[in-house]
Amino acid sequence: MDRDCGDFASQKAAQIFYLKAGGPSSDPHNLDSDNDGVACESNPAPYYYGKTLPGGGDSKPEPEPKITVVKSTVALSVSPSKRIRGEKYQVKVTVRPAISRKVTIQRRDDGRWKAIADGRTGSSGKVTGRLTTPKTSAPLRAVVGTVTVGQKKYTAAASRSTKLTVQKQKVSLAFVDDEVAEGDEATALIKATPVRKGRPVALQVRSGGSWTTVARTEVDRKGRAEVDLRPDLGTDSYRAVVLRHEGAVPAQSRPRTLTALDLTPPAAPTDLMATAGDTTVELMWTRDLPDDFAHHEIWMRTADSGWTLVTTTTSNTMSVGGLVNDVAYWFYVTSVDVHGNVSAASTEVEATPSAPITEEPEPVESR
């Protein structure tokens, strides 16, 4: 039956069992892990460090050695002490006196110290390790328990606490111009802190209820990046996302809108004709309508007045009434789209309304 140190009430009991099992030349139960001829050194008193069974054929048993208590010290360093959630940071523990022993790294959460990692110092009394940055900032410390090696009992000890600060990520997005003409390029300005040179960043547009990546790049040594794009006609929402990088979790900016304006006017109406009537002028023209057509504008002037907008229409004909007979009027027509773009003017036409001519009836001769 295999035995271990936990099966013995004291170091002395383990040592006697160890010697009876063939120690120190043989250690079938692995009770002497450091091969110094002493079993289960961390077990409680009483102690016995003899290499032969008590008495050993002598009339006097070998006396138990005197234990010397040695004060332990622990130092902990954390580097870097400020990290983004998910990134790695390094802990370095130095224990004095320099012996090999177990070290536990603890983090203080909700008022209690909780173990987050274990290690073991080498003969130099030092150990290093890399840990993952948690969600929130917290103090860290390193602790060692009591251990007995040979005739020395090393005390438990804890280092001073060292704070690990979790840095909040900030991502901003701006456009050099929030409005550009359709077909023109827009420039997105992205900034991410804390700065991690070479960290990938994506520019995304909101489309169909989800975010779609339109460009990817990397931030420079100042945490900045620029992206040139040609937006679709209309107004869309965009955001910048710094992507997962060396463990750091992603983060995103607030949405920003970018508008691509339609600045192309419709074609001008052609073949404008005017027919004068009694205090009226009938207008007719031909047209080539774009998909975003809104209406036509009818403009009029006289020899004594400037151009005035008379009315608007979606038709290609218009009757302008309320005019003064025997006064010359000039007209032109424009086309307007839904974005407010106005075409060039049609050719001008002139018409003079007049009253209808009434012929006098011939007199009837009486007979």
# chains A, B, ... in the order shown; residues from 1 in each chain; ligands from 1

$ residues_around --residues "region 103-115 of chain A" --least-positions-apart "2" --cutoff "6 Å" --atoms "only C-alpha atoms" --output "list in words"
Ala117, Asp118, Gly119, Arg120, Pro139, Leu140, Arg141, Ala142, Val143 and Val144 of chain A

$ write_last_selection --atoms "all heavy atoms" --output "compact mmCIF listing (two decimals), in the first residue's frame"
# COMPACT_ATOMS: atom_id res chain seq x y z
N ALA A 117 -3.08 32.06 -8.61
CA ALA A 117 -2.01 31.30 -9.27
C ALA A 117 -1.04 30.76 -8.24
O ALA A 117 -0.88 31.33 -7.15
CB ALA A 117 -1.27 32.17 -10.29
N ASP A 118 -0.41 29.62 -8.56
CA ASP A 118 0.61 29.01 -7.70
C ASP A 118 1.89 28.83 -8.49
O ASP A 118 1.87 28.67 -9.72
CB ASP A 118 0.15 27.65 -7.17
CG ASP A 118 -0.99 27.78 -6.17
OD1 ASP A 118 -0.94 28.69 -5.34
OD2 ASP A 118 -1.93 26.97 -6.25
N GLY A 119 2.99 28.82 -7.78
CA GLY A 119 4.28 28.55 -8.40
C GLY A 119 5.26 28.05 -7.34
O GLY A 119 4.91 27.90 -6.16
N ARG A 120 6.48 27.84 -7.77
CA ARG A 120 7.49 27.37 -6.84
C ARG A 120 8.81 28.05 -7.16
O ARG A 120 9.25 28.10 -8.31
CB ARG A 120 7.65 25.85 -6.92
CG ARG A 120 8.47 25.27 -5.78
CD ARG A 120 8.43 23.76 -5.76
NE ARG A 120 9.02 23.23 -4.54
CZ ARG A 120 8.38 23.09 -3.39
NH1 ARG A 120 7.09 23.39 -3.33
NH2 ARG A 120 8.99 22.62 -2.32
N PRO A 139 -5.71 44.90 -5.84
CA PRO A 139 -4.38 44.67 -5.28
C PRO A 139 -3.98 43.20 -5.40
O PRO A 139 -4.83 42.30 -5.35
CB PRO A 139 -4.55 45.07 -3.80
CG PRO A 139 -5.85 45.79 -3.71
CD PRO A 139 -6.70 45.26 -4.81
N LEU A 140 -2.69 42.97 -5.56
CA LEU A 140 -2.14 41.61 -5.61
C LEU A 140 -1.08 41.46 -4.51
O LEU A 140 -0.46 42.43 -4.09
CB LEU A 140 -1.48 41.34 -6.96
CG LEU A 140 -2.33 41.51 -8.22
CD1 LEU A 140 -1.47 41.26 -9.45
CD2 LEU A 140 -3.52 40.57 -8.20
N ARG A 141 -0.89 40.23 -4.07
CA ARG A 141 0.20 39.95 -3.14
C ARG A 141 0.68 38.52 -3.36
O ARG A 141 -0.04 37.69 -3.94
CB ARG A 141 -0.23 40.15 -1.69
CG ARG A 141 -1.15 39.08 -1.14
CD ARG A 141 -1.44 39.29 0.34
NE ARG A 141 -2.25 38.20 0.90
CZ ARG A 141 -2.65 38.13 2.18
NH1 ARG A 141 -2.32 39.10 3.03
NH2 ARG A 141 -3.36 37.11 2.60
N ALA A 142 1.88 38.24 -2.85
CA ALA A 142 2.44 36.88 -2.89
C ALA A 142 2.59 36.38 -1.45
O ALA A 142 3.02 37.14 -0.57
CB ALA A 142 3.78 36.89 -3.60
N VAL A 143 2.24 35.11 -1.21
CA VAL A 143 2.34 34.55 0.13
C VAL A 143 3.06 33.20 0.07
O VAL A 143 2.99 32.48 -0.92
CB VAL A 143 0.95 34.37 0.78
CG1 VAL A 143 0.26 35.70 0.96
CG2 VAL A 143 0.08 33.42 -0.04
N VAL A 144 3.79 32.90 1.17
CA VAL A 144 4.41 31.59 1.34
C VAL A 144 3.99 31.04 2.70
O VAL A 144 3.78 31.80 3.65
CB VAL A 144 5.95 31.66 1.25
CG1 VAL A 144 6.38 32.04 -0.16
CG2 VAL A 144 6.51 32.64 2.26

$ residues_around --residues "region 182-187 of chain A" --least-positions-apart "5" --cutoff "10 Å" --atoms "only C-alpha atoms" --output "PyMOL selection string"
chain A and resi 174-177+226-234+258-264

$ closest_residue --among "A:Val214, A:Ala202, A:Val327, A:Met273" --to "Ala251 (chain A)" --atoms "only C-alpha atoms"
A:Ala202

$ residues_around --residues "Arg244 (chain A)" --least-positions-apart "5" --cutoff "10 Å" --atoms "only C-alpha atoms" --output "PyMOL selection string"
chain A and resi 86-87+199-201+249-251

$ closest_residue --among "A:Ala344, A:Val147, A:Ala215, A:Ala268" --to "Arg101 (chain A)" --atoms "only C-alpha atoms"
A:Val147

$ closest_residue --among "A:Gly247, A:Ala276, A:His296, A:Pro353" --to "Tyr332 (chain A)" --atoms "only C-alpha atoms"
A:His296

$ residues_around --residues "region 42-53 of chain A" --least-positions-apart "2" --cutoff "10 Å" --atoms "only C-alpha atoms" --output "PyMOL selection string"
chain A and resi 5-6+8-20+22-25+36-40+55-57+61-67+146-151+153

$ closest_residue --among "A:Lys88, A:His245, A:Arg96, A:Lys163" --to "Ala75 (chain A)" --atoms "only C-alpha atoms"
A:Arg96

$ residues_around --residues "Ser319 (chain A)" --least-positions-apart "6" --cutoff "9 Å" --atoms "only C-alpha atoms" --output "ChimeraX atom specification"
/A:280-284

$ write_last_selection --atoms "N, CA and C atoms" --output "compact mmCIF listing (two decimals), in the first residue's frame"
# COMPACT_ATOMS: atom_id res chain seq x y z
N THR A 280 -54.62 84.78 -70.10
CA THR A 280 -53.93 83.53 -69.76
C THR A 280 -52.85 83.25 -70.79
N VAL A 281 -51.88 82.39 -70.33
CA VAL A 281 -50.88 81.84 -71.23
C VAL A 281 -50.78 80.35 -70.93
N GLU A 282 -50.92 79.52 -71.98
CA GLU A 282 -50.79 78.07 -71.85
C GLU A 282 -49.35 77.68 -72.19
N LEU A 283 -48.69 76.97 -71.22
CA LEU A 283 -47.31 76.52 -71.41
C LEU A 283 -47.26 75.02 -71.59
N MET A 284 -46.35 74.56 -72.44
CA MET A 284 -46.14 73.12 -72.66
C MET A 284 -44.66 72.90 -72.97

$ select_by_dssp --residues "region 22-135 of chain A" --states "strand (DSSP E or B)" --output "PyMOL selection string"
chain A and resi 68-70+73-79+82-84+88-96+102-109+112-120+126-132

$ atom_distance --atom1 "CA of Lys71 (chain A)" --atom2 "CA of Ser159 (chain A)"
13.2 Å

$ closest_residue --among "A:Ala158, A:Leu189, A:Leu131, A:Leu309" --to "Thr94 (chain A)" --atoms "only C-alpha atoms"
A:Ala158

$ atom_distance --atom1 "CA of Asp2 (chain A)" --atom2 "CA of Asp27 (chain A)"
11.2 Å

$ residues_around --residues "region 337-339 of chain A" --least-positions-apart "5" --cutoff "6 Å" --atoms "only C-alpha atoms" --output "JSON, numbers by chain"
{"A": [292, 293, 294]}

$ residues_around --residues "Val349 (chain A)" --least-positions-apart "4" --cutoff "9 Å" --atoms "only C-alpha atoms" --output "JSON, numbers by chain"
{"A": [272, 273, 274, 329, 330, 331, 332]}
